[in-house]
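Chemist: my_file.cif is reproduced below (mmCIF, C-alpha atoms and all ligand atoms).
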```cif
data_input
#
loop_
_atom_site.group_PDB
_atom_site.id
_atom_site.type_symbol
_atom_site.label_atom_id
_atom_site.label_comp_id
_atom_site.auth_asym_id
_atom_site.auth_seq_id
_atom_site.Cartn_x
_atom_site.Cartn_y
_atom_site.Cartn_z
ATOM 1 C CA MET A 1 137.486 102.834 88.839
ATOM 2 C CA MET A 2 139.230 102.519 92.193
ATOM 3 C CA ASN A 3 139.069 106.250 92.702
ATOM 4 C CA SER A 4 135.376 106.515 92.097
ATOM 5 C CA ASN A 5 134.729 103.597 94.434
ATOM 6 C CA ARG A 6 136.698 105.237 97.183
ATOM 7 C CA SER A 7 134.979 108.599 96.893
ATOM 8 C CA GLY A 8 131.634 106.834 96.866
ATOM 9 C CA ALA A 9 132.416 105.176 100.161
ATOM 10 C CA ARG A 10 133.490 108.484 101.628
ATOM 11 C CA ALA A 11 130.252 110.161 100.571
ATOM 12 C CA VAL A 12 128.260 107.499 102.366
ATOM 13 C CA PHE A 13 130.358 107.939 105.489
ATOM 14 C CA ILE A 14 129.852 111.698 105.512
ATOM 15 C CA SER A 15 126.122 111.398 105.085
ATOM 16 C CA ALA A 16 126.014 108.967 107.998
ATOM 17 C CA LEU A 17 127.795 111.518 110.190
ATOM 18 C CA GLY A 18 125.379 114.194 109.095
ATOM 19 C CA ALA A 19 122.462 112.023 110.079
ATOM 20 C CA ALA A 20 123.995 111.318 113.485
ATOM 21 C CA SER A 21 124.310 115.022 114.260
ATOM 22 C CA LEU A 22 120.639 115.503 113.467
ATOM 23 C CA ILE A 23 119.353 112.798 115.742
ATOM 24 C CA THR A 24 116.742 114.847 117.510
ATOM 25 C CA LEU A 25 115.559 117.010 114.647
ATOM 26 C CA GLY A 26 116.320 114.686 111.781
ATOM 27 C CA ALA A 27 113.253 112.633 112.353
ATOM 28 C CA CYS A 28 111.134 115.722 111.937
ATOM 29 C CA SER A 29 112.895 117.714 109.279
ATOM 30 C CA ARG A 30 113.792 115.259 106.562
ATOM 31 C CA GLY A 31 112.277 115.841 103.190
ATOM 32 C CA GLY A 32 109.601 113.268 102.526
ATOM 33 C CA ASP A 33 109.155 111.123 99.496
ATOM 34 C CA ASP A 34 105.815 111.862 97.978
ATOM 35 C CA GLY A 35 106.301 109.722 94.926
ATOM 36 C CA LYS A 36 103.844 107.115 96.076
ATOM 37 C CA THR A 37 100.398 107.103 94.651
ATOM 38 C CA ALA A 38 97.897 106.625 97.404
ATOM 39 C CA ALA A 39 95.276 103.957 97.005
ATOM 40 C CA SER A 40 91.845 104.080 98.524
ATOM 41 C CA CYS A 41 90.699 101.365 100.885
ATOM 42 C CA THR A 42 87.526 99.611 101.828
ATOM 43 C CA GLY A 43 86.533 97.247 104.553
ATOM 44 C CA PRO A 44 85.909 97.503 108.255
ATOM 45 C CA GLY A 45 88.095 99.589 110.479
ATOM 46 C CA VAL A 46 91.378 101.308 109.917
ATOM 47 C CA ASP A 47 94.095 99.625 107.907
ATOM 48 C CA VAL A 48 97.731 100.273 108.866
ATOM 49 C CA SER A 49 100.745 99.772 106.633
ATOM 50 C CA GLU A 50 104.352 100.968 106.362
ATOM 51 C CA ALA A 51 104.650 101.310 110.130
ATOM 52 C CA TRP A 52 108.193 102.086 111.231
ATOM 53 C CA MET A 53 110.286 104.187 113.558
ATOM 54 C CA ARG A 54 113.731 105.684 113.379
ATOM 55 C CA ALA A 55 116.315 103.777 115.411
ATOM 56 C CA ALA A 56 117.487 105.412 118.637
ATOM 57 C CA ARG A 57 120.688 104.923 120.596
ATOM 58 C CA GLU A 58 120.690 104.415 124.324
ATOM 59 C CA HIS A 59 120.151 107.758 126.134
ATOM 60 C CA GLN A 60 118.848 109.362 122.964
ATOM 61 C CA PRO A 61 115.787 111.283 124.163
ATOM 62 C CA MET A 62 113.619 111.299 121.071
ATOM 63 C CA SER A 63 112.740 109.557 117.867
ATOM 64 C CA ALA A 64 109.795 109.485 115.497
ATOM 65 C CA ALA A 65 107.435 106.925 114.034
ATOM 66 C CA TYR A 66 105.676 106.924 110.696
ATOM 67 C CA LEU A 67 102.893 104.921 109.139
ATOM 68 C CA THR A 68 100.147 104.926 106.575
ATOM 69 C CA LEU A 69 96.573 104.706 107.775
ATOM 70 C CA CYS A 70 93.539 104.057 105.667
ATOM 71 C CA ASN A 71 90.036 104.366 107.027
ATOM 72 C CA GLY A 72 87.925 101.749 105.285
ATOM 73 C CA ALA A 73 84.750 102.671 107.139
ATOM 74 C CA ASP A 74 81.846 104.611 105.647
ATOM 75 C CA SER A 75 82.265 107.484 108.079
ATOM 76 C CA ASP A 76 85.145 109.772 108.888
ATOM 77 C CA ASP A 77 87.419 108.966 111.791
ATOM 78 C CA ALA A 78 90.499 110.483 113.415
ATOM 79 C CA LEU A 79 93.675 109.271 115.060
ATOM 80 C CA ILE A 80 93.502 110.923 118.464
ATOM 81 C CA GLY A 81 96.042 109.145 120.648
ATOM 82 C CA VAL A 82 99.345 107.309 120.373
ATOM 83 C CA SER A 83 101.645 105.586 122.825
ATOM 84 C CA LEU A 84 104.688 103.338 122.651
ATOM 85 C CA ALA A 85 106.090 100.959 125.234
ATOM 86 C CA GLY A 86 109.553 102.302 126.085
ATOM 87 C CA ALA A 87 108.661 105.948 125.461
ATOM 88 C CA GLN A 88 107.309 108.078 128.285
ATOM 89 C CA HIS A 89 105.320 110.233 125.928
ATOM 90 C CA ALA A 90 104.199 110.141 122.325
ATOM 91 C CA GLU A 91 102.261 112.722 120.380
ATOM 92 C CA LEU A 92 101.191 113.592 116.885
ATOM 93 C CA HIS A 93 103.325 116.263 115.245
ATOM 94 C CA GLN A 94 103.149 118.166 112.013
ATOM 95 C CA THR A 95 106.276 119.495 110.328
ATOM 96 C CA THR A 96 105.982 122.656 108.311
ATOM 97 C CA MET A 97 108.596 124.379 106.192
ATOM 98 C CA LYS A 98 108.937 128.112 106.709
ATOM 99 C CA GLN A 99 109.740 130.473 103.869
ATOM 100 C CA ASN A 100 113.353 130.706 105.009
ATOM 101 C CA GLY A 101 113.664 126.953 104.522
ATOM 102 C CA VAL A 102 113.778 126.113 108.211
ATOM 103 C CA ALA A 103 111.572 123.244 109.287
ATOM 104 C CA SER A 104 109.595 123.534 112.468
ATOM 105 C CA MET A 105 107.050 121.271 114.059
ATOM 106 C CA ALA A 106 104.074 121.554 116.313
ATOM 107 C CA SER A 107 101.916 119.042 118.079
ATOM 108 C CA SER A 108 98.555 118.456 116.468
ATOM 109 C CA PRO A 109 95.484 117.332 118.399
ATOM 110 C CA GLY A 110 94.521 114.642 115.921
ATOM 111 C CA LEU A 111 94.939 113.331 112.429
ATOM 112 C CA ALA A 112 91.829 113.339 110.255
ATOM 113 C CA LEU A 113 91.030 110.030 108.586
ATOM 114 C CA PRO A 114 88.407 110.672 105.917
ATOM 115 C CA ALA A 115 86.310 107.662 104.973
ATOM 116 C CA GLY A 116 87.925 105.512 102.296
ATOM 117 C CA ALA A 117 91.045 107.640 102.037
ATOM 118 C CA PRO A 118 94.632 107.031 103.105
ATOM 119 C CA ALA A 119 96.579 109.334 105.404
ATOM 120 C CA THR A 120 100.346 109.064 105.400
ATOM 121 C CA LEU A 121 102.731 110.043 108.152
ATOM 122 C CA ALA A 122 106.173 110.357 106.589
ATOM 123 C CA PRO A 123 109.468 112.194 107.112
ATOM 124 C CA GLY A 124 108.991 115.890 106.366
ATOM 125 C CA GLY A 125 105.322 115.902 107.287
ATOM 126 C CA ALA A 126 103.096 114.419 109.924
ATOM 127 C CA HIS A 127 104.807 112.056 112.338
ATOM 128 C CA ILE A 128 104.474 110.511 115.755
ATOM 129 C CA MET A 129 107.011 112.101 118.075
ATOM 130 C CA LEU A 130 108.406 109.654 120.593
ATOM 131 C CA MET A 131 109.767 111.372 123.689
ATOM 132 C CA GLY A 132 111.422 110.273 126.902
ATOM 133 C CA LEU A 133 112.864 107.120 125.391
ATOM 134 C CA GLU A 134 113.734 104.663 128.127
ATOM 135 C CA LYS A 135 115.862 102.359 126.034
ATOM 136 C CA ALA A 136 117.596 101.980 122.699
ATOM 137 C CA PHE A 137 115.588 100.972 119.651
ATOM 138 C CA GLU A 138 117.580 99.049 117.091
ATOM 139 C CA PRO A 139 116.850 97.366 113.778
ATOM 140 C CA GLY A 140 115.453 93.935 114.598
ATOM 141 C CA ASP A 141 113.484 95.205 117.599
ATOM 142 C CA ALA A 142 109.713 95.042 117.371
ATOM 143 C CA PRO A 143 108.289 97.932 119.399
ATOM 144 C CA VAL A 144 104.521 98.052 119.715
ATOM 145 C CA LEU A 145 102.673 101.274 119.033
ATOM 146 C CA LEU A 146 99.169 101.732 120.393
ATOM 147 C CA LEU A 147 96.810 103.777 118.221
ATOM 148 C CA GLN A 148 93.566 105.249 119.508
ATOM 149 C CA PHE A 149 90.849 106.487 117.216
ATOM 150 C CA GLU A 150 87.767 108.583 117.628
ATOM 151 C CA ASN A 151 85.505 105.788 116.345
ATOM 152 C CA ALA A 152 87.448 102.647 115.455
ATOM 153 C CA PRO A 153 88.660 100.394 118.286
ATOM 154 C CA ALA A 154 92.186 100.929 119.567
ATOM 155 C CA MET A 155 94.843 99.019 117.674
ATOM 156 C CA GLU A 156 98.358 97.770 118.351
ATOM 157 C CA VAL A 157 100.894 97.971 115.541
ATOM 158 C CA THR A 158 104.379 96.480 115.500
ATOM 159 C CA LEU A 159 106.929 98.923 114.153
ATOM 160 C CA GLU A 160 109.904 98.096 111.989
ATOM 161 C CA VAL A 161 112.977 99.884 113.358
ATOM 162 C CA ARG A 162 115.005 101.525 110.608
ATOM 163 C CA SER A 163 118.545 102.816 110.903
ATOM 164 C CA ILE A 164 118.987 106.584 111.168
ATOM 165 C CA THR A 165 121.212 106.456 108.110
ATOM 166 C CA ASP A 166 118.512 104.773 106.047
ATOM 167 C CA GLN A 167 117.159 108.084 104.844
ATOM 168 C CA ASP A 168 114.872 107.072 102.035
ATOM 169 C CA ARG A 169 112.835 104.411 103.712
HETATM 170 CU CU CU B 1 108.127 116.079 116.007
#
```
Turn this file's structure into structure tokens for me.

Modeler:
Amino acid sequence: MMNSNRSGARAVFISALGAASLITLGACSRGGDDGKTAASCTGPGVDVSEAWMRAAREHQPMSAAYLTLCNGADSDDALIGVSLAGAQHAELHQTTMKQNGVASMASSPGLALPAGAPATLAPGGAHIMLMGLEKAFEPGDAPVLLLQFENAPAMEVTLEVRSITDQDR
């Protein structure tokens, strides 16, 4: 019993170190959880849920934010702009996995939001890349992300800051 407890603690420690060494890429290359079943939405405007960003230490240049959007309008829309107070630059990115198993990412001009359908930005896929961080972002902070859409009015969303070792959330 004592032995298994000890090795369990060590495994957690090692995985935390691994996450720390992947600070810049980790936000983009993690495998996503796609176990959630997406629900449709109705109602005016774009609904935002599960909005969070990966914590960043002071002087860390980059992090990433994720969220689920659902366009309740009757017509298609698109997320076309993002910005975050405390980050000099933010842009939409898409992560793709190459055949050799290496993840790479590229900026994408916009994220399509089909009418009545959810669009999820999650680790391993689409994300909002936050660059030129001017400060640390720690759990408990409440950074505000500004979202701009093709049709819907711009919207401010408060992000939950999640620890870099909190891989599954
Ligand atoms: Cu990225």

Chemist: For ligand CU 1 (chain B), return the neighbouring residues as a list in words (distance at most 8 Å; only C-alpha atoms and all ligand atoms).

Modeler: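 Taking only C-alpha atoms and all ligand atoms into account, the residues around ligand CU 1 (chain B) at most 8 Å away are Leu25, Ala27, Cys28, Ala64, Leu92, His93, Gln94, Thr95, Met105, Ala106, Ser107, His127, Ile128, Met129 and Leu130 of chain A.
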
Chemist: Written as a PyMOL selection string, which residues does the PyMOL selection byres (((chain A and resi 76) around 10) and not hetatm) give for the file shown?

Modeler: chain A and resi 71-75+77-78+112-117+150-152

Chemist: With the file shown as input, list the residues that the PyMOL selection byres (((chain A and resi 59) around 8) and not hetatm) selects, as a list of chain:residue names.

Modeler: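 Output from the PyMOL selection byres (((chain A and resi 59) around 8) and not hetatm), applied to this file: A:Arg57, A:Glu58, A:Gln60, A:Pro61, A:Leu133, A:Glu134, A:Lys135, A:Ala136.
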
Chemist: So which residues get picked by the PyMOL selection byres (((chain A and resi 155-167) around 7) and not hetatm) here, written as a ChimeraX atom specification?

Modeler: /A:16,19,51-55,137-148,153-154,168-169

Chemist: Tell me which protein, DNA and RNA residues are within 8 Å of Leu67 (chain A), counting all atoms listed in the file, leaving out same-chain ones fewer than 3 positions away, and put them as a list in words.

Modeler: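 Here the qualifying residues turn out to be Val48, Ser49, Glu50, Ala51, Trp52, Thr120, Leu121 and Ala122 of chain A.
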
Chemist: Taking all atoms listed in the file into account, which of A:Cys70, A:Lys98, A:Phe149, A:Gln88 comes nearest Gly110 (chain A)?

Modeler: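 Counting all atoms listed in the file, the residue closest to Gly110 (chain A) is A:Phe149.
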
Chemist: To one decimal place, how far is CA of His89 (chain A) from CA of Ala119 (chain A) in Å?

Modeler: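 Going from CA of His89 (chain A) over to CA of Ala119 (chain A) covers 22.3 Å.
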
Chemist: I'd like the interatomic distance between CA of Tyr66 (chain A) and CA of Pro123 (chain A), to a tenth of an Å.

Modeler: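 Atom-to-atom, CA of Tyr66 (chain A) and CA of Pro123 (chain A) are spaced 7.4 Å apart.
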
Chemist: Could you tell me which of A:Leu111, A:Ser40, A:Gly124, A:Ile80 comes closest to Met97 (chain A) if we count only C-alpha atoms?

Modeler: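 So, comparing all the options, the nearest one is A:Gly124.
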
Chemist: Between CA of Ala90 (chain A) and CA of Gly132 (chain A), what is the distance in Å, rounded to a tenth?

Modeler: 8.6 Å

Chemist: Of the candidates A:Ala126, A:Ser63, A:Pro118, A:Gly43, which shows the shortest atom-to-atom distance to Leu84 (chain A), using all atoms listed in the file?

Modeler: A:Ser63

Chemist: Give the answer as one residue: which of A:Thr96, A:Ser108, A:Thr42, A:Ser83 has the shortest atom-to-atom distance to Ala65 (chain A), using all atoms listed in the file?

Modeler: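 So, comparing all the options, the nearest one is A:Ser83.
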